[in-house]
Each structure stands twice: as structure tokens, then as C-alpha cells.
file coords-v2.cif (mmCIF, C-alpha atoms)
data_run
#
loop_
_atom_site.label_atom_id
_atom_site.label_comp_id
_atom_site.auth_asym_id
_atom_site.auth_seq_id
_atom_site.Cartn_x
_atom_site.Cartn_y
_atom_site.Cartn_z
CA MET A 1 -15.67 -9.98 7.69
CA VAL A 2 -14.05 -9.15 4.39
CA LEU A 3 -10.33 -9.77 4.17
CA ARG A 4 -8.33 -7.18 2.30
CA LEU A 5 -5.81 -8.59 -0.13
CA VAL A 6 -3.35 -5.75 0.41
CA SER A 7 -2.52 -4.60 3.90
CA PRO A 8 -2.27 -0.86 4.53
CA LEU A 9 1.20 0.66 4.76
CA LEU A 10 0.16 3.34 7.25
CA VAL A 11 -2.61 3.64 9.81
CA GLU A 12 -4.42 6.79 10.92
CA SER A 13 -2.52 7.26 14.17
CA ASP A 14 0.98 6.97 12.62
CA LEU A 15 3.19 10.03 12.97
CA VAL A 16 4.77 10.61 9.57
CA SER A 17 7.66 12.83 8.57
CA LEU A 18 10.08 13.18 5.67
CA SER A 19 13.49 11.56 6.14
CA THR A 20 16.19 14.05 7.11
CA GLU A 21 18.20 12.77 4.14
CA LEU A 22 15.61 14.19 1.76
CA VAL A 23 14.82 17.82 1.06
CA VAL A 24 12.28 19.54 -1.19
CA GLU A 25 13.80 22.34 -3.28
CA ASP A 26 12.35 24.12 -6.31
CA GLY A 27 10.06 21.32 -7.45
CA LEU A 28 12.67 18.67 -6.76
CA LEU A 29 12.93 16.05 -4.07
CA ILE A 30 16.65 15.82 -3.43
CA ASP A 31 18.17 12.69 -1.90
CA LYS A 32 21.24 14.12 -0.21
CA THR A 33 22.93 10.75 0.37
CA LEU A 34 22.57 9.37 -3.13
CA GLY A 35 22.48 12.65 -5.02
CA ALA A 36 19.18 11.75 -6.69
CA ARG A 37 16.94 14.59 -7.88
CA HIS A 38 13.33 13.47 -8.28
CA GLU A 39 10.95 15.79 -10.13
CA LEU A 40 7.74 16.67 -8.35
CA SER A 41 4.53 18.12 -9.70
CA ALA A 42 3.32 21.24 -7.87
CA VAL A 43 0.67 19.32 -5.97
CA ALA A 44 3.06 16.50 -5.02
CA ARG A 45 5.56 19.11 -3.77
CA GLU A 46 2.84 20.69 -1.61
CA ALA A 47 1.84 17.27 -0.27
CA ILE A 48 5.39 16.23 0.59
CA MET A 49 6.28 19.59 2.13
CA GLN A 50 3.51 19.05 4.68
CA ILE A 51 5.50 16.23 6.30
CA GLU A 52 8.71 18.21 6.64
CA THR A 53 7.57 18.34 10.25
CA SER A 54 5.93 15.37 11.91
CA LEU A 55 2.20 14.96 11.14
CA ARG A 56 -0.42 12.34 11.96
CA PHE A 57 -1.20 10.27 8.87
CA ASP A 58 -4.96 10.93 9.00
CA ARG A 59 -4.28 14.71 8.99
CA TRP A 60 -1.81 14.36 6.14
CA ALA A 61 -4.35 12.33 4.14
CA THR A 62 -7.00 14.99 4.78
CA SER A 63 -4.59 17.72 3.61
CA MET A 64 -3.75 15.76 0.47
CA THR A 65 -7.45 15.33 -0.26
CA ALA A 66 -7.88 19.09 0.17
CA LEU A 67 -5.11 19.56 -2.41
CA GLY A 68 -7.26 17.60 -4.87
CA LEU A 69 -5.33 14.35 -4.74
CA SER A 70 -7.38 11.18 -5.18
CA GLY A 71 -6.84 8.11 -3.01
CA ALA A 72 -4.82 6.45 -5.75
CA GLN A 73 -2.61 9.53 -6.13
CA GLN A 74 -2.05 9.70 -2.38
CA THR A 75 -1.07 6.03 -2.44
CA GLU A 76 1.35 6.73 -5.30
CA ILE A 77 3.13 9.43 -3.29
CA VAL A 78 3.28 7.32 -0.11
CA GLN A 79 4.54 4.26 -2.01
CA PHE A 80 7.21 6.27 -3.82
CA LEU A 81 8.46 7.80 -0.57
CA ASN A 82 8.47 4.38 1.06
CA HIS A 83 10.35 2.87 -1.91
CA ILE A 84 13.21 5.34 -1.48
CA GLY A 85 13.12 5.10 2.33
CA GLY A 86 11.86 8.68 2.54
CA LEU A 87 9.27 8.19 5.25
CA ARG A 88 9.94 8.26 8.96
CA VAL A 89 7.07 6.66 10.82
CA THR A 90 6.45 6.58 14.56
CA ARG A 91 3.84 3.99 15.41
CA SER A 92 2.09 3.19 18.69
CA TRP A 93 2.10 -0.37 20.06
CA SER A 94 -1.66 -0.68 19.52
CA ALA A 95 -1.21 0.35 15.87
CA ARG A 96 1.62 -2.18 15.52
CA LEU A 97 -0.68 -4.91 16.82
CA GLU A 98 -3.42 -3.78 14.43
CA ILE A 99 -1.01 -3.87 11.46
CA PHE A 100 0.37 -7.25 12.56
CA ILE A 101 -3.11 -8.81 12.68
CA THR A 102 -4.02 -7.30 9.31
CA ARG A 103 -0.80 -8.58 7.74
CA LEU A 104 -1.44 -12.04 9.17
CA GLN A 105 -4.96 -12.04 7.69
CA VAL A 106 -3.62 -10.90 4.33
CA ALA A 107 -0.86 -13.55 4.38
CA LEU A 108 -3.39 -16.29 5.19
CA VAL A 109 -5.39 -15.50 2.05
CA GLY A 110 -2.23 -15.24 -0.05
CA GLY A 111 -2.22 -11.46 -0.27
CA LYS A 112 0.71 -9.07 -0.24
CA SER A 113 1.86 -7.01 2.68
CA ALA A 114 3.97 -3.91 2.38
CA ALA A 115 6.20 -2.88 5.25
CA VAL A 116 7.36 0.62 6.07
CA SER A 117 10.99 1.22 5.10
CA TRP A 118 13.43 2.27 7.79
CA ARG A 119 16.38 4.24 6.47
CA ARG A 120 19.30 5.95 8.19
CA CYS A 121 22.81 7.15 7.29
CA ALA A 122 25.01 4.07 7.38
CA SER A 123 26.80 4.23 10.72
CA PRO A 124 27.78 1.25 12.91
CA SER A 125 24.95 2.00 15.36
CA ALA A 126 22.39 2.33 12.53
CA LEU A 127 23.57 -1.02 11.12
CA VAL A 128 23.16 -2.70 14.51
CA VAL A 129 19.63 -1.31 14.86
CA ALA A 130 18.70 -2.20 11.26
CA THR A 131 19.88 -5.81 11.57
CA LEU A 132 18.00 -6.22 14.86
CA ARG A 133 14.85 -4.73 13.30
CA ALA A 134 15.13 -7.04 10.27
CA MET A 135 15.55 -10.05 12.55
CA THR A 136 12.52 -9.41 14.78
CA GLY A 137 10.24 -11.62 12.69
CA LEU A 138 12.91 -14.30 12.32
CA ALA A 139 13.48 -14.36 16.09
CA SER A 140 9.74 -14.85 16.71
CA LEU A 141 9.53 -17.62 14.11
CA SER A 142 12.65 -19.30 15.53
CA LEU A 143 11.23 -19.22 19.05
CA ILE A 144 8.03 -20.92 17.85
CA ALA A 145 10.06 -23.49 15.85
CA ALA A 146 12.31 -24.20 18.86
CA VAL A 147 9.28 -24.84 21.11
CA LEU A 148 7.78 -27.13 18.44
CA CYS A 149 11.07 -29.02 18.00
CA TRP A 150 11.24 -29.59 21.75
CA GLY A 151 7.59 -30.65 21.59
CA THR A 152 8.41 -33.43 19.12
CA GLY A 153 10.61 -35.12 21.69
CA LEU A 154 13.56 -35.18 19.28
CA SER A 155 15.54 -32.50 21.09
CA SER A 156 16.11 -31.65 24.72
CA LEU A 157 15.16 -28.24 26.07
CA VAL A 158 18.85 -27.34 26.44
CA ASP A 159 19.56 -28.24 22.80
CA ALA A 160 16.56 -26.22 21.59
CA ILE A 161 17.68 -23.15 23.58
CA GLN A 162 21.29 -23.50 22.40
CA VAL A 163 20.35 -23.81 18.72
CA LEU A 164 17.83 -20.97 18.97
CA SER A 165 20.13 -18.46 20.66
CA GLY A 166 23.35 -19.58 18.95
CA GLY A 167 21.72 -19.67 15.52
CA LEU A 168 20.26 -16.19 15.89
CA LEU A 169 23.64 -14.90 17.11
CA ILE A 170 25.40 -16.38 14.07
CA ILE A 171 22.84 -14.87 11.67
CA TRP A 172 22.96 -11.45 13.36
CA ALA A 173 26.77 -11.23 13.58
CA SER A 174 27.37 -12.49 10.04
CA THR A 175 24.70 -10.22 8.52
CA LEU A 176 26.14 -7.26 10.40
CA ALA A 177 29.63 -8.10 9.12
CA HIS A 178 28.29 -8.54 5.56
CA GLU A 179 26.58 -5.14 5.49
CA PHE A 180 29.38 -3.39 7.41
CA THR A 181 31.83 -4.50 4.69
CA HIS A 182 29.68 -2.77 2.04
CA VAL A 183 29.57 0.39 4.17
CA ALA A 184 33.31 0.32 4.87
CA ILE A 185 34.17 0.06 1.17
CA THR A 186 31.71 2.84 0.30
CA SER A 187 33.24 5.06 3.00
CA ALA A 188 36.77 4.24 1.79
CA THR A 189 35.86 5.79 -1.57
CA GLY A 190 34.83 9.00 0.23
CA LYS A 191 31.11 8.42 -0.29
CA GLN A 192 28.27 8.10 2.19
CA GLY A 193 25.90 5.18 2.16
CA ALA A 194 22.56 4.56 3.82
CA VAL A 195 21.14 1.47 5.44
CA MET A 196 17.57 0.56 4.52
CA GLN A 197 15.44 -2.10 6.21
CA GLN A 198 11.99 -3.18 5.11
CA GLY A 199 10.51 -6.16 6.92
CA MET A 200 13.10 -8.92 6.72
CA ARG A 201 14.87 -7.17 3.86
CA LEU A 202 18.04 -5.34 4.70
CA GLY A 203 20.38 -3.55 2.34
CA ILE A 204 22.81 -0.74 1.74
CA LEU A 205 22.08 2.17 -0.60
CA HIS A 206 25.05 4.04 -1.93
CA PRO A 207 26.01 6.35 -4.81
CA PRO A 208 27.64 4.71 -7.85
CA LEU A 209 31.19 3.48 -7.09
CA SER A 210 34.15 2.96 -9.39
CA THR A 211 34.24 -0.50 -11.00
CA PRO A 212 37.03 -1.88 -8.74
CA ALA A 213 35.29 -0.57 -5.60
CA GLU A 214 31.91 -1.94 -6.73
CA LEU A 215 33.47 -5.32 -7.49
CA ALA A 216 35.28 -5.38 -4.14
CA SER A 217 32.09 -4.44 -2.29
CA THR A 218 30.01 -7.02 -4.14
CA LEU A 219 32.39 -9.91 -3.53
CA THR A 220 33.76 -9.16 -0.08
CA GLY A 221 30.38 -8.53 1.59
CA PRO A 222 29.12 -12.12 1.14
CA LEU A 223 32.62 -13.54 1.75
CA VAL A 224 33.03 -11.74 5.07
CA GLY A 225 29.47 -12.70 6.11
CA ALA A 226 30.15 -16.37 5.25
CA ALA A 227 33.51 -16.28 7.05
CA VAL A 228 31.91 -14.92 10.23
CA ALA A 229 29.19 -17.60 10.08
CA ILE A 230 31.83 -20.35 9.70
CA CYS A 231 33.87 -18.85 12.57
CA GLY A 232 30.72 -18.93 14.70
CA ALA A 233 30.11 -22.57 13.81
CA VAL A 234 33.73 -23.49 14.69
CA MET A 235 33.60 -21.49 17.93
CA PHE A 236 30.36 -23.10 19.11
CA SER A 237 31.73 -26.52 18.17
CA ALA A 238 34.91 -25.84 20.18
CA LEU A 239 32.78 -24.80 23.16
CA GLY A 240 31.11 -28.21 23.06
CA LEU A 241 27.62 -26.87 22.41
CA SER A 242 24.97 -28.66 20.34
CA PRO A 243 26.49 -30.14 17.15
CA LEU A 244 23.44 -28.80 15.31
CA LEU A 245 24.88 -25.30 15.76
CA SER A 246 27.81 -26.16 13.49
CA TRP A 247 25.35 -27.17 10.78
CA VAL A 248 23.37 -23.97 11.33
CA GLY A 249 26.59 -21.94 10.92
CA MET A 250 27.43 -23.74 7.68
CA ALA A 251 23.88 -23.21 6.37
CA VAL A 252 24.09 -19.49 7.16
CA ALA A 253 27.43 -19.31 5.33
CA GLY A 254 25.64 -20.86 2.35
CA PHE A 255 22.86 -18.25 2.62
CA HIS A 256 25.51 -15.51 2.34
CA GLY A 257 26.73 -17.27 -0.80
CA LEU A 258 23.21 -16.88 -2.24
CA SER A 259 23.82 -13.11 -2.29
CA ILE A 260 25.89 -13.39 -5.43
CA LEU A 261 22.97 -14.86 -7.39
CA PRO A 262 21.64 -12.28 -9.86
CA TRP A 263 18.26 -12.01 -8.08
CA TYR A 264 19.83 -10.19 -5.14
CA GLY A 265 21.60 -6.84 -4.79
CA ASP A 266 25.17 -8.15 -4.73
CA GLY A 267 24.60 -10.59 -7.56
CA LEU A 268 22.83 -7.96 -9.64
CA SER A 269 25.81 -5.60 -9.27
CA LEU A 270 28.16 -8.39 -10.28
CA TRP A 271 25.94 -9.23 -13.24
CA LYS A 272 25.99 -5.62 -14.43
CA LEU A 273 29.72 -5.22 -13.88
CA THR A 274 30.48 -8.28 -15.98
CA GLY A 275 27.95 -7.37 -18.65
CA GLY A 276 25.85 -10.45 -17.86
CA ARG A 277 28.66 -12.90 -18.65
CA ILE A 278 28.43 -14.76 -15.37
CA ALA A 279 25.81 -16.18 -13.04
CA MET B 1 6.19 20.47 -17.29
CA VAL B 2 5.74 17.39 -15.20
CA ASN B 3 2.54 15.44 -15.85
CA ALA B 4 3.15 12.65 -13.37
CA LEU B 5 3.02 13.35 -9.67
CA VAL B 6 6.58 12.16 -9.18
CA VAL B 7 9.25 11.46 -11.81
CA ALA B 8 12.00 9.39 -10.22
CA ASP B 9 15.59 10.31 -11.08
CA SER B 10 16.51 7.50 -13.46
CA SER B 11 20.24 8.20 -13.10
CA VAL B 12 20.21 6.81 -9.56
CA GLU B 13 19.26 3.26 -8.73
CA TYR B 14 17.57 2.39 -5.48
CA SER B 15 18.49 -1.27 -5.77
CA THR B 16 20.28 -2.07 -2.57
CA LYS B 17 23.19 -4.28 -1.68
CA GLU B 18 20.54 -6.54 -0.26
CA SER B 19 21.37 -9.63 1.68
CA PRO B 20 18.97 -12.60 1.39
CA VAL B 21 20.35 -14.21 4.55
CA ILE B 22 17.49 -13.34 6.90
CA VAL B 23 14.79 -14.27 4.38
CA ALA B 24 16.56 -17.57 3.59
CA ALA B 25 16.95 -18.30 7.30
CA ALA B 26 13.24 -17.58 7.83
CA ALA B 27 12.32 -20.02 5.05
CA PHE B 28 14.57 -22.63 6.68
CA VAL B 29 12.99 -22.05 10.11
CA ILE B 30 9.47 -22.33 8.63
CA ALA B 31 10.45 -25.64 6.98
CA VAL B 32 11.82 -27.00 10.28
CA GLY B 33 8.76 -25.73 12.17
CA GLY B 34 6.46 -27.36 9.61
CA LEU B 35 8.24 -30.68 10.05
CA ALA B 36 7.90 -30.34 13.82
CA VAL B 37 4.16 -29.66 13.50
CA ALA B 38 3.76 -32.73 11.28
CA SER B 39 5.78 -34.82 13.71
CA ILE B 40 3.64 -33.70 16.67
CA ALA B 41 0.46 -34.31 14.67
CA ILE B 42 1.54 -37.87 13.80
CA CYS B 43 3.34 -39.00 16.95
CA GLY B 44 1.86 -36.71 19.60
CA TRP B 45 3.54 -34.30 22.03
CA ARG B 46 7.15 -35.46 22.62
CA GLY B 47 6.25 -38.74 20.95
CA SER B 48 8.71 -38.74 18.04
CA LYS B 49 11.74 -41.00 17.98
CA GLN B 50 13.20 -40.11 14.60
CA VAL B 51 12.39 -37.98 11.57
CA MET B 52 14.08 -38.70 8.26
CA VAL B 53 13.75 -36.20 5.44
CA ASP B 54 14.50 -36.82 1.79
CA TRP B 55 14.72 -33.24 0.53
CA MET B 56 15.40 -34.37 -3.04
CA HIS B 57 12.10 -36.22 -3.33
CA GLY B 58 10.12 -34.13 -0.83
CA LYS B 59 9.51 -37.15 1.40
CA ALA B 60 9.59 -37.36 5.18
CA THR B 61 9.44 -40.48 7.37
CA PHE B 62 8.32 -40.17 10.98
CA VAL B 63 9.22 -42.87 13.51
CA CYS B 64 7.23 -42.72 16.76
CA ARG B 65 8.23 -43.98 20.20
#

call {"tool": "encode", "arguments": {"input": "coords-v2.cif", "output": "C-alpha cells"}}
result
Amino acid sequence: MVLRLVSPLLVESDLVSLSTELVVEDGLLIDKTLGARHELSAVAREAIMQIETSLRFDRWATSMTALGLSGAQQTEIVQFLNHIGGLRVTRSWSARLEIFITRLQVALVGGKSAAVSWRRCASPSALVVATLRAMTGLASLSLIAAVLCWGTGLSSLVDAIQVLSGGLLIIWASTLAHEFTHVAITSATGKQGAVMQQGMRLGILHPPLSTPAELASTLTGPLVGAAVAICGAVMFSALGLSPLLSWVGMAVAGFHGLSILPWYGDGLSLWKLTGGRIA
Amino acid sequence: MVNALVVADSSVEYSTKESPVIVAAAAFVIAVGGLAVASIAICGWRGSKQVMVDWMHGKATFVCR
């Protein structure tokens, strides 16, 4: 068997459609939330218009081939749409298993895996769904780690369950609070944001904000997230649960602090706002 | 005339207010899981008494029952 170094983004049976936040008009792909206007060639416009209604990926690929697009060109269109969160994909459980196995094979040989972006208008319910989606992999990893930790004999089963469930709750609640703060500040300026999730990556897209609003959003998001994580640690400590949970809460608070490093969205905004004088 | 298939609107950035929390937590969980695997490999199933980790020097000491 030959292992592919790059896992496929879509499989034949996927149902693909264009995000409702995007519309094709006069050779332009307009992002209604962000106000972006992407220029399309005639053939790219034809290709993208075919997924204005839901279409199986294999049929879409066949149509694009009929339009004269090569495999590389088809990949370029799919990757661009995925980059801006423009694809809505409905995938069967068997296809999910197939993709999971392929991604595992690719990861084992040090290859790269691309995940389909999930994007919705930033509402509280969309944020809840996005954070849960982003945490699926983490929850699976944590469950395996908890079983292994119990297997070492260093922790009791009760401790392992408490740290697993409490830790995931702290991460979920604090991440939700972090992202909700960004959305709330964006909404306060009269603008609409979008939540985008890709694998374990979760973020908020929004139109440009005024400098004070951008600064407030950049700083308060991580602060609120860290505060919620610390509150969780204190609460679990007060309830007399595993002392490890307090340390987990503090570590998660520290992870929120990482957001202001210039390699991440918040830190990058801060870096640009200050003209690269900090961080 | 557009030569490329798609010309992205350069006036709008798609960089997100992205939080590294989940990725950092996953890295932490993998590190803990790795230590647990090593501990089980050295001391056997539920055979560990203590694990000491020196993160600064990348050194771990496993004490078995």
C-alpha cells in the first residue's frame, strides 16, 4: 500500500454547497459578512455556481473537468473556498471513518492533513457548536490519556474521571467565553462576525474594526478566557474535587495567555495595532 | 481581465481571532499520555509508584512499585 503524504479534503460521496454567506455576482464572489469581493475567472465562476445548490463532490468534480479545469485547478478552487470557509460539506459516517483513517496514515508518515472549514454567522448557538466541534479530537485524546494514566497506577479511576471531565469543561467554557467576547465587541460596533472552525482551530472572522474596538477585542478575549479558567479551577477546588483540576485550570488560563503571542490571531492584531513595537 | 482562477480581495484579511487553547491543550494531553505509555512500558499495568519529570532538561524518572 502506498501512503499519500497529503490527505484529501473531500471524498466522492460528500455533499458540497456554497456557504450562504457567499454569493456569486457578475464575476465576483462576494463575502456578505466580511464585505470581501473576490474576482473570479469565467470558468471559476461557472464551477462555483454549480454548488449554489447541494451537489455530490464526484459530480461537481466531473462538471469541473467538463469545464476544462485540470485537477490542480480544481484543487485550487476547493482550497480557496475552504480557506475562506465557503464550503458547506455534509459527510456520511462511513466517509468520516475513511477520512479519519487516511488522516491517521498521513500523520504517521509525517504528512499534512487538511480539514474542512466549518463557518457560520457568529451567534451564541453557532459558537457552542463550533467549540464542541473543535474539541472532538481533544476529547478523544483526553479519554485515551485518562485511561493510560489510570493504567499507570498513579491515579485512581475517580481522579482520572474527575480530571478528564472537569478539564474538558474548563477548556470548553473558557474557550467559549474567549470567542464570545470577540463576537460581543464586534456586535457592539454594529458589525457582524463569523465563527470558523477547522480541525482543532477555532476563530472569529470579522470586518475591520476601529483601533479602540480592535484593541479591546484583542486584549479582553484572552483575559476573559483566562478568568473563566481560573474561576473553574477555584470552583472545582472549593468543591473538594481532585487537586489536579486546579492545576489544569491554571494551565488553561496560561494557554489563553498564549493568544497574545504574535503567532496567533489576537497577538497578530496587537502586533499590527502597535506597529510591531511589542511582543 | 483575470488570468488567475480566483483573485482574493486583498483589502480583507481572513486571519481569524484564533485561539490556540485547544491546540495547546491537545499538546499537553499528548505529553501526559506519552509519559503514561512510558510508565506502563517500564513498570507494567498499574505498576508505577511515582513519576518525576524534569521539563527543563527533558528527563523523566520512573519509580515502580

call {"tool": "resolve_selection", "arguments": {"input": "coords-v2.cif", "expression": "the PyMOL selection byres ((chain B) within 9 of (chain A))", "output": "number ranges by chain"}}
result
B: 1-26, 29-30, 32-37, 39-40, 43-51

call {"tool": "atom_distance", "arguments": {"input": "coords-v2.cif", "atom1": "CA of Ala66 (chain A)", "atom2": "CA of Ala47 (chain A)"}}
result
9.9 Å

call {"tool": "residues_around", "arguments": {"input": "coords-v2.cif", "residues": "Glu12 (chain A)", "least_positions_apart": "2", "cutoff": "12 Å", "atoms": "all atoms listed in the file", "output": "number ranges by chain"}}
result
A: 8-10, 14-16, 55-62, 89-92, 94-96, 98-99

call {"tool": "atom_distance", "arguments": {"input": "coords-v2.cif", "atom1": "CA of Gly190 (chain A)", "atom2": "CA of Ala177 (chain A)"}}
result
20.0 Å

call {"tool": "atom_distance", "arguments": {"input": "coords-v2.cif", "atom1": "CA of Ala226 (chain A)", "atom2": "CA of Gly249 (chain A)"}}
result
8.7 Å

call {"tool": "closest_residue", "arguments": {"input": "coords-v2.cif", "among": "A:Ala130, A:Ala72, A:Leu87, A:Val78", "to": "Leu22 (chain A)", "atoms": "all atoms listed in the file"}}
result
A:Leu87

call {"tool": "residues_around", "arguments": {"input": "coords-v2.cif", "residues": "Gly166 (chain A)", "least_positions_apart": "4", "cutoff": "8 Å", "atoms": "all atoms listed in the file", "output": "list in words"}}
result
Gln162, Ile170, Phe236 and Leu245 of chain A

call {"tool": "axis_aligned_box", "arguments": {"input": "coords-v2.cif", "around": "region 80-91 of chain A", "padding_each_side": "5 Å", "output": "lines of an AutoDock Vina configuration file"}}
result
center_x = 8.5
center_y = 5.8
center_z = 5.8
size_x = 19.4
size_y = 15.8
size_z = 29.2

call {"tool": "closest_residue", "arguments": {"input": "coords-v2.cif", "among": "A:Ala213, A:Leu223, A:Met49, A:Leu176", "to": "Ala126 (chain A)", "atoms": "only C-alpha atoms"}}
result
A:Leu176

call {"tool": "decode", "arguments": {"input": "coords-v2.cif", "residues": "region 37-48 of chain B", "atoms": "N, CA, C and O atoms", "output": "tab-separated table (two decimals), in the first residue's frame"}}
result
chain	number	residue	atom	x	y	z
B	37	VAL	N	2.29	6.14	28.79
B	37	VAL	CA	2.69	4.97	27.98
B	37	VAL	C	4.08	4.49	28.41
B	37	VAL	O	4.31	3.29	28.61
B	38	ALA	N	4.99	5.46	28.59
B	38	ALA	CA	6.35	5.10	29.01
B	38	ALA	C	6.32	4.44	30.38
B	38	ALA	O	7.01	3.44	30.63
B	39	SER	N	5.50	5.00	31.26
B	39	SER	CA	5.40	4.46	32.62
B	39	SER	C	4.86	3.03	32.61
B	39	SER	O	5.38	2.16	33.34
B	40	ILE	N	3.85	2.79	31.79
B	40	ILE	CA	3.28	1.43	31.68
B	40	ILE	C	4.30	0.48	31.07
B	40	ILE	O	4.45	-0.67	31.50
B	41	ALA	N	5.05	0.98	30.07
B	41	ALA	CA	6.04	0.13	29.41
B	41	ALA	C	7.15	-0.27	30.38
B	41	ALA	O	7.65	-1.40	30.35
B	42	ILE	N	7.52	0.65	31.27
B	42	ILE	CA	8.63	0.37	32.20
B	42	ILE	C	8.16	-0.41	33.43
B	42	ILE	O	8.80	-1.38	33.84
B	43	CYS	N	7.05	0.01	34.00
B	43	CYS	CA	6.63	-0.58	35.29
B	43	CYS	C	5.46	-1.55	35.16
B	43	CYS	O	5.04	-2.15	36.15
B	44	GLY	N	4.89	-1.67	33.99
B	44	GLY	CA	3.75	-2.57	33.81
B	44	GLY	C	2.43	-1.89	34.14
B	44	GLY	O	2.40	-0.76	34.61
B	45	TRP	N	1.33	-2.64	33.88
B	45	TRP	CA	-0.03	-2.09	34.09
B	45	TRP	C	-0.28	-1.85	35.58
B	45	TRP	O	-0.14	-2.76	36.37
B	46	ARG	N	-0.55	-0.62	35.94
B	46	ARG	CA	-0.79	-0.17	37.32
B	46	ARG	C	0.41	-0.52	38.22
B	46	ARG	O	0.22	-0.82	39.41
B	47	GLY	N	1.59	-0.45	37.64
B	47	GLY	CA	2.78	-0.81	38.41
B	47	GLY	C	3.64	0.39	38.81
B	47	GLY	O	4.68	0.21	39.44
B	48	SER	N	3.22	1.58	38.48
B	48	SER	CA	4.05	2.77	38.80
B	48	SER	C	3.76	3.28	40.20
B	48	SER	O	2.63	3.22	40.69
